[in-house]
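*Asks:* Coordinates in work08.pdb, PDB, C-alpha atoms, are listed below.
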```
MODEL        1
ATOM      1  CA  MET A   1      -0.797 -50.466  10.316  1.00  0.00           C
ATOM      2  CA  PRO A   2       2.252 -48.573  11.554  1.00  0.00           C
ATOM      3  CA  ILE A   3       5.632 -50.185  11.327  1.00  0.00           C
ATOM      4  CA  LYS A   4       7.823 -49.713  14.382  1.00  0.00           C
ATOM      5  CA  HIS A   5      11.476 -48.803  14.059  1.00  0.00           C
ATOM      6  CA  ASN A   6      13.867 -48.743  16.960  1.00  0.00           C
ATOM      7  CA  LEU A   7      16.265 -45.879  16.489  1.00  0.00           C
ATOM      8  CA  THR A   8      19.587 -46.097  18.257  1.00  0.00           C
ATOM      9  CA  LYS A   9      21.868 -43.247  19.242  1.00  0.00           C
ATOM     10  CA  TYR A  10      23.882 -44.065  16.109  1.00  0.00           C
ATOM     11  CA  ASP A  11      20.840 -43.519  13.888  1.00  0.00           C
ATOM     12  CA  ILE A  12      19.981 -40.301  15.703  1.00  0.00           C
ATOM     13  CA  LEU A  13      23.486 -38.859  15.355  1.00  0.00           C
ATOM     14  CA  GLN A  14      23.633 -39.828  11.683  1.00  0.00           C
ATOM     15  CA  GLU A  15      20.279 -38.112  11.088  1.00  0.00           C
ATOM     16  CA  LYS A  16      21.428 -34.952  12.877  1.00  0.00           C
ATOM     17  CA  LEU A  17      24.533 -34.852  10.692  1.00  0.00           C
ATOM     18  CA  HIS A  18      22.462 -35.423   7.553  1.00  0.00           C
ATOM     19  CA  LYS A  19      20.167 -32.521   8.458  1.00  0.00           C
ATOM     20  CA  LEU A  20      23.177 -30.328   9.187  1.00  0.00           C
ATOM     21  CA  SER A  21      24.686 -31.163   5.805  1.00  0.00           C
ATOM     22  CA  GLN A  22      21.615 -29.646   4.167  1.00  0.00           C
ATOM     23  CA  LYS A  23      22.275 -26.254   5.771  1.00  0.00           C
ATOM     24  CA  HIS A  24      24.620 -23.664   4.327  1.00  0.00           C
ATOM     25  CA  GLU A  25      27.736 -23.133   6.471  1.00  0.00           C
ATOM     26  CA  SER A  26      26.979 -19.420   6.786  1.00  0.00           C
ATOM     27  CA  GLU A  27      23.890 -20.422   8.811  1.00  0.00           C
ATOM     28  CA  TYR A  28      25.777 -22.674  11.263  1.00  0.00           C
ATOM     29  CA  THR A  29      25.576 -21.946  14.957  1.00  0.00           C
ATOM     30  CA  ASP A  30      28.384 -22.836  17.364  1.00  0.00           C
ATOM     31  CA  GLU A  31      26.478 -26.033  18.146  1.00  0.00           C
ATOM     32  CA  ASP A  32      26.312 -26.841  14.424  1.00  0.00           C
ATOM     33  CA  TRP A  33      30.079 -26.384  14.039  1.00  0.00           C
ATOM     34  CA  GLN A  34      30.701 -28.711  16.975  1.00  0.00           C
ATOM     35  CA  LEU A  35      28.388 -31.312  15.451  1.00  0.00           C
ATOM     36  CA  LYS A  36      30.126 -30.991  12.081  1.00  0.00           C
ATOM     37  CA  ASN A  37      33.503 -31.563  13.745  1.00  0.00           C
ATOM     38  CA  VAL A  38      32.158 -34.751  15.323  1.00  0.00           C
ATOM     39  CA  GLY A  39      31.052 -35.833  11.842  1.00  0.00           C
ATOM     40  CA  VAL A  40      34.483 -35.051  10.422  1.00  0.00           C
ATOM     41  CA  LEU A  41      36.129 -37.281  13.030  1.00  0.00           C
ATOM     42  CA  ILE A  42      33.696 -40.118  12.340  1.00  0.00           C
ATOM     43  CA  ALA A  43      34.397 -39.810   8.611  1.00  0.00           C
ATOM     44  CA  ALA A  44      38.145 -39.652   9.261  1.00  0.00           C
ATOM     45  CA  PHE A  45      38.155 -42.808  11.416  1.00  0.00           C
ATOM     46  CA  SER A  46      35.582 -44.964   9.608  1.00  0.00           C
ATOM     47  CA  SER A  47      36.931 -47.825   7.509  1.00  0.00           C
ATOM     48  CA  GLY A  48      34.402 -47.178   4.764  1.00  0.00           C
ATOM     49  CA  LEU A  49      35.413 -43.545   4.331  1.00  0.00           C
ATOM     50  CA  SER A  50      39.078 -43.420   5.390  1.00  0.00           C
ATOM     51  CA  TRP A  51      40.732 -46.780   4.934  1.00  0.00           C
ATOM     52  CA  LYS A  52      44.349 -45.741   5.574  1.00  0.00           C
ATOM     53  CA  THR A  53      43.473 -43.961   8.801  1.00  0.00           C
ATOM     54  CA  HIS A  54      41.340 -46.898   9.916  1.00  0.00           C
ATOM     55  CA  LYS A  55      44.263 -49.266   9.304  1.00  0.00           C
ATOM     56  CA  ALA A  56      46.674 -46.988  11.169  1.00  0.00           C
ATOM     57  CA  LEU A  57      44.336 -46.830  14.148  1.00  0.00           C
ATOM     58  CA  SER A  58      43.444 -50.519  14.136  1.00  0.00           C
ATOM     59  CA  ASP A  59      46.447 -52.467  12.911  1.00  0.00           C
ATOM     60  CA  ASN A  60      49.341 -49.991  12.873  1.00  0.00           C
ATOM     61  CA  GLN A  61      49.785 -50.747   9.160  1.00  0.00           C
ATOM     62  CA  TYR A  62      50.347 -47.099   8.283  1.00  0.00           C
ATOM     63  CA  GLU A  63      52.242 -44.284   9.887  1.00  0.00           C
ATOM     64  CA  PHE A  64      50.139 -41.287  10.829  1.00  0.00           C
ATOM     65  CA  ASN A  65      52.771 -39.104   9.204  1.00  0.00           C
ATOM     66  CA  SER A  66      51.680 -39.900   5.649  1.00  0.00           C
ATOM     67  CA  GLU A  67      50.202 -37.883   2.852  1.00  0.00           C
ATOM     68  CA  GLY A  68      47.424 -40.457   2.392  1.00  0.00           C
ATOM     69  CA  ILE A  69      46.130 -39.985   5.929  1.00  0.00           C
ATOM     70  CA  ARG A  70      46.290 -36.194   5.604  1.00  0.00           C
ATOM     71  CA  GLU A  71      44.344 -36.440   2.329  1.00  0.00           C
ATOM     72  CA  GLU A  72      41.684 -38.602   3.980  1.00  0.00           C
ATOM     73  CA  PHE A  73      41.287 -36.046   6.760  1.00  0.00           C
ATOM     74  CA  SER A  74      41.019 -33.230   4.237  1.00  0.00           C
ATOM     75  CA  ALA A  75      38.336 -35.148   2.337  1.00  0.00           C
ATOM     76  CA  ALA A  76      36.511 -35.868   5.600  1.00  0.00           C
ATOM     77  CA  LYS A  77      36.489 -32.138   6.398  1.00  0.00           C
ATOM     78  CA  THR A  78      35.157 -31.082   3.018  1.00  0.00           C
ATOM     79  CA  ALA A  79      32.644 -33.722   1.997  1.00  0.00           C
ATOM     80  CA  LYS A  80      32.875 -37.190   3.528  1.00  0.00           C
ATOM     81  CA  TRP A  81      31.313 -36.144   6.843  1.00  0.00           C
ATOM     82  CA  LYS A  82      28.078 -35.534   4.922  1.00  0.00           C
ATOM     83  CA  ASN A  83      27.895 -39.191   3.870  1.00  0.00           C
ATOM     84  CA  ILE A  84      28.402 -41.045   7.133  1.00  0.00           C
ATOM     85  CA  THR A  85      25.954 -43.768   8.048  1.00  0.00           C
ATOM     86  CA  ALA A  86      24.772 -45.118  11.374  1.00  0.00           C
ATOM     87  CA  THR A  87      27.100 -48.055  10.693  1.00  0.00           C
ATOM     88  CA  ASP A  88      30.071 -45.658  10.477  1.00  0.00           C
ATOM     89  CA  VAL A  89      29.052 -44.064  13.774  1.00  0.00           C
ATOM     90  CA  TYR A  90      28.743 -47.478  15.409  1.00  0.00           C
ATOM     91  CA  GLU A  91      32.078 -48.681  14.011  1.00  0.00           C
ATOM     92  CA  VAL A  92      33.989 -45.640  15.271  1.00  0.00           C
ATOM     93  CA  SER A  93      32.295 -45.872  18.662  1.00  0.00           C
ATOM     94  CA  GLN A  94      33.476 -49.478  19.022  1.00  0.00           C
ATOM     95  CA  LYS A  95      37.139 -48.822  18.144  1.00  0.00           C
ATOM     96  CA  SER A  96      38.137 -47.713  21.646  1.00  0.00           C
ATOM     97  CA  ILE A  97      40.857 -45.470  20.243  1.00  0.00           C
ATOM     98  CA  PRO A  98      43.425 -44.812  22.979  1.00  0.00           C
ATOM     99  CA  LYS A  99      44.096 -41.167  23.817  1.00  0.00           C
ATOM    100  CA  SER A 100      47.725 -41.615  22.799  1.00  0.00           C
ATOM    101  CA  LYS A 101      46.774 -42.774  19.278  1.00  0.00           C
ATOM    102  CA  PHE A 102      44.261 -39.963  18.922  1.00  0.00           C
ATOM    103  CA  ALA A 103      46.922 -37.474  20.036  1.00  0.00           C
ATOM    104  CA  SER A 104      49.447 -38.908  17.570  1.00  0.00           C
ATOM    105  CA  TRP A 105      46.918 -38.770  14.752  1.00  0.00           C
ATOM    106  CA  MET A 106      46.166 -35.131  15.595  1.00  0.00           C
ATOM    107  CA  TYR A 107      49.852 -34.225  15.811  1.00  0.00           C
ATOM    108  CA  TYR A 108      50.581 -35.469  12.289  1.00  0.00           C
ATOM    109  CA  THR A 109      47.253 -34.728  10.617  1.00  0.00           C
ATOM    110  CA  VAL A 110      45.472 -31.700  12.108  1.00  0.00           C
ATOM    111  CA  ASN A 111      46.710 -28.109  12.015  1.00  0.00           C
ATOM    112  CA  MET A 112      47.910 -27.032  15.459  1.00  0.00           C
ATOM    113  CA  GLN A 113      45.294 -24.241  15.569  1.00  0.00           C
ATOM    114  CA  GLU A 114      42.505 -26.837  15.289  1.00  0.00           C
ATOM    115  CA  HIS A 115      43.736 -29.261  17.959  1.00  0.00           C
ATOM    116  CA  ASP A 116      41.480 -27.914  20.723  1.00  0.00           C
ATOM    117  CA  THR A 117      38.490 -27.932  18.372  1.00  0.00           C
ATOM    118  CA  TYR A 118      38.888 -31.580  17.414  1.00  0.00           C
ATOM    119  CA  LYS A 119      39.864 -32.660  20.907  1.00  0.00           C
ATOM    120  CA  ALA A 120      36.583 -31.154  22.183  1.00  0.00           C
ATOM    121  CA  ALA A 121      34.652 -32.818  19.340  1.00  0.00           C
ATOM    122  CA  TRP A 122      36.180 -36.222  20.193  1.00  0.00           C
ATOM    123  CA  GLU A 123      35.288 -35.815  23.865  1.00  0.00           C
ATOM    124  CA  ARG A 124      31.772 -34.797  22.914  1.00  0.00           C
ATOM    125  CA  PHE A 125      31.392 -37.846  20.657  1.00  0.00           C
ATOM    126  CA  ASN A 126      32.610 -40.207  23.380  1.00  0.00           C
ATOM    127  CA  THR A 127      30.310 -38.622  25.962  1.00  0.00           C
ATOM    128  CA  TYR A 128      27.353 -38.979  23.589  1.00  0.00           C
ATOM    129  CA  ILE A 129      28.160 -42.619  22.853  1.00  0.00           C
ATOM    130  CA  LEU A 130      28.530 -43.502  26.529  1.00  0.00           C
ATOM    131  CA  SER A 131      25.252 -41.853  27.518  1.00  0.00           C
ATOM    132  CA  GLU A 132      22.248 -44.121  27.840  1.00  0.00           C
ATOM    133  CA  GLU A 133      19.664 -41.439  27.179  1.00  0.00           C
ATOM    134  CA  ASN A 134      19.866 -41.689  23.391  1.00  0.00           C
ATOM    135  CA  ASP A 135      19.692 -45.444  22.979  1.00  0.00           C
ATOM    136  CA  GLY A 136      16.636 -47.418  21.939  1.00  0.00           C
ATOM    137  CA  ILE A 137      14.209 -44.602  21.270  1.00  0.00           C
ATOM    138  CA  GLU A 138      11.173 -46.130  19.653  1.00  0.00           C
ATOM    139  CA  MET A 139       9.609 -44.314  16.746  1.00  0.00           C
ATOM    140  CA  GLU A 140       6.628 -45.227  14.643  1.00  0.00           C
ATOM    141  CA  LYS A 141       6.634 -44.606  10.914  1.00  0.00           C
ATOM    142  CA  LEU A 142       3.486 -44.767   8.856  1.00  0.00           C
ATOM    143  CA  TYR A 143       3.536 -46.062   5.288  1.00  0.00           C
TER
ENDMDL
END
```
Please express the file's structure as structure tokens.

*Replies:*
Amino acid sequence: MPIKHNLTKYDILQEKLHKLSQKHESEYTDEDWQLKNVGVLIAAFSSGLSWKTHKALSDNQYEFNSEGIREEFSAAKTAKWKNITATDVYEVSQKSIPKSKFASWMYYTVNMQEHDTYKAAWERFNTYILSEENDGIEMEKLY
């Protein structure tokens, strides 16, 4: 008897990122790079992967201009994006990060040459999250 699983847009995005993490970067398409950048932002803003950044965004406990936040972003870029979960995706989607906070975070954390790249990735993530087309897709899995 098949067991039904309802996959949400959070599960689908997490699975896409997991599949991308299995590819070698030399094989990435432009679409793959954009997806990776979305994953980097999720890893950078998730409480489970980047606690200091999460606190700065949520509670203003930290200044964005800190070495700890820059280190978390660097770790998100290199490896942490590969380990995000659907829970991380959901958490970041629910933060409702104001544009001004995102801009401040970018100013202190991201190299100026990468601002447009990450701004586009953030817009893409928010568009994906707000779309209804990816929510509640029902899949059957046989055991």

*Asks:* What is the distance, in Å and to one decimal place, between CA of Thr53 in chain A and CA of Ala86 in chain A?

*Replies:*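 For CA of Thr53 in chain A relative to CA of Ala86 in chain A, the distance reads 18.9 Å.
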
*Asks:* How many Å lie between CA of Arg124 in chain A and CA of Asp59 in chain A, rounded to one decimal?

*Replies:*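 Computed distance, CA of Arg124 in chain A to CA of Asp59 in chain A, equals 25.1 Å.
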
*Asks:* Quick one: what's the axis-aligned box for range 89-105 of chain A, all listed atoms, 4 Å on every side, centre and edges in Å to one decimal, as JSON?

*Replies:*
```
{"center_x": 39.1, "center_y": -43.5, "center_z": 18.8, "size_x": 28.7, "size_y": 20.0, "size_z": 18.0}
```

*Asks:* Pick out the residues sitting within 12 Å of Lys16 in chain A, and hand them over as a list in words; count all atoms listed in the file, and ignore anything fewer than 3 positions along from it in its own chain.

*Replies:*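 The neighbour list is Lys9, Tyr10, Asp11, Ile12, Leu13, Lys19, Leu20, Ser21, Gln22, Lys23, Glu31, Asp32, Gln34, Leu35, Lys36, Val38, Gly39, Trp81, Lys82, Asn83, Ile84, Thr85, Ala86 and Val89 of chain A.
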
*Asks:* Could you list, as JSON, numbers by chain, every residue matched by the PyMOL selection byres ((chain A and resi 121) around 10) in this structure?

*Replies:* {"A": [33, 34, 35, 36, 37, 38, 39, 40, 41, 115, 116, 117, 118, 119, 120, 122, 123, 124, 125, 126, 127]}

*Asks:* Counting all atoms listed in the file, which residues come within 9 Å of (41.9, -37.7, 16.9), with the point read in the file's coordinates, and could you list them as a PyMOL selection string?

*Replies:* chain A and resi 41+44-45+97+99+101-107+109-110+115+118-119+122

*Asks:* Using Å and a single decimal, report how far CA of Tyr108 in chain A sits from CA of Arg70 in chain A.

*Replies:*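 Answer for the CA of Arg70 in chain A to CA of Tyr108 in chain A separation: 8.0 Å.
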
*Asks:* Between A:Leu7, A:Leu17, A:Ile69, A:Ile129, which residue has the minimum interatomic distance to Leu49 in chain A, considering all atoms listed in the file?

*Replies:* A:Ile69

*Asks:* Which one of A:Met112, A:Lys80, A:Trp51, A:Ser93 sits closest to Gly68 in chain A if you count only C-alpha atoms?

*Replies:*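 Residue with the minimum atom-to-atom distance to Gly68 in chain A: A:Trp51.
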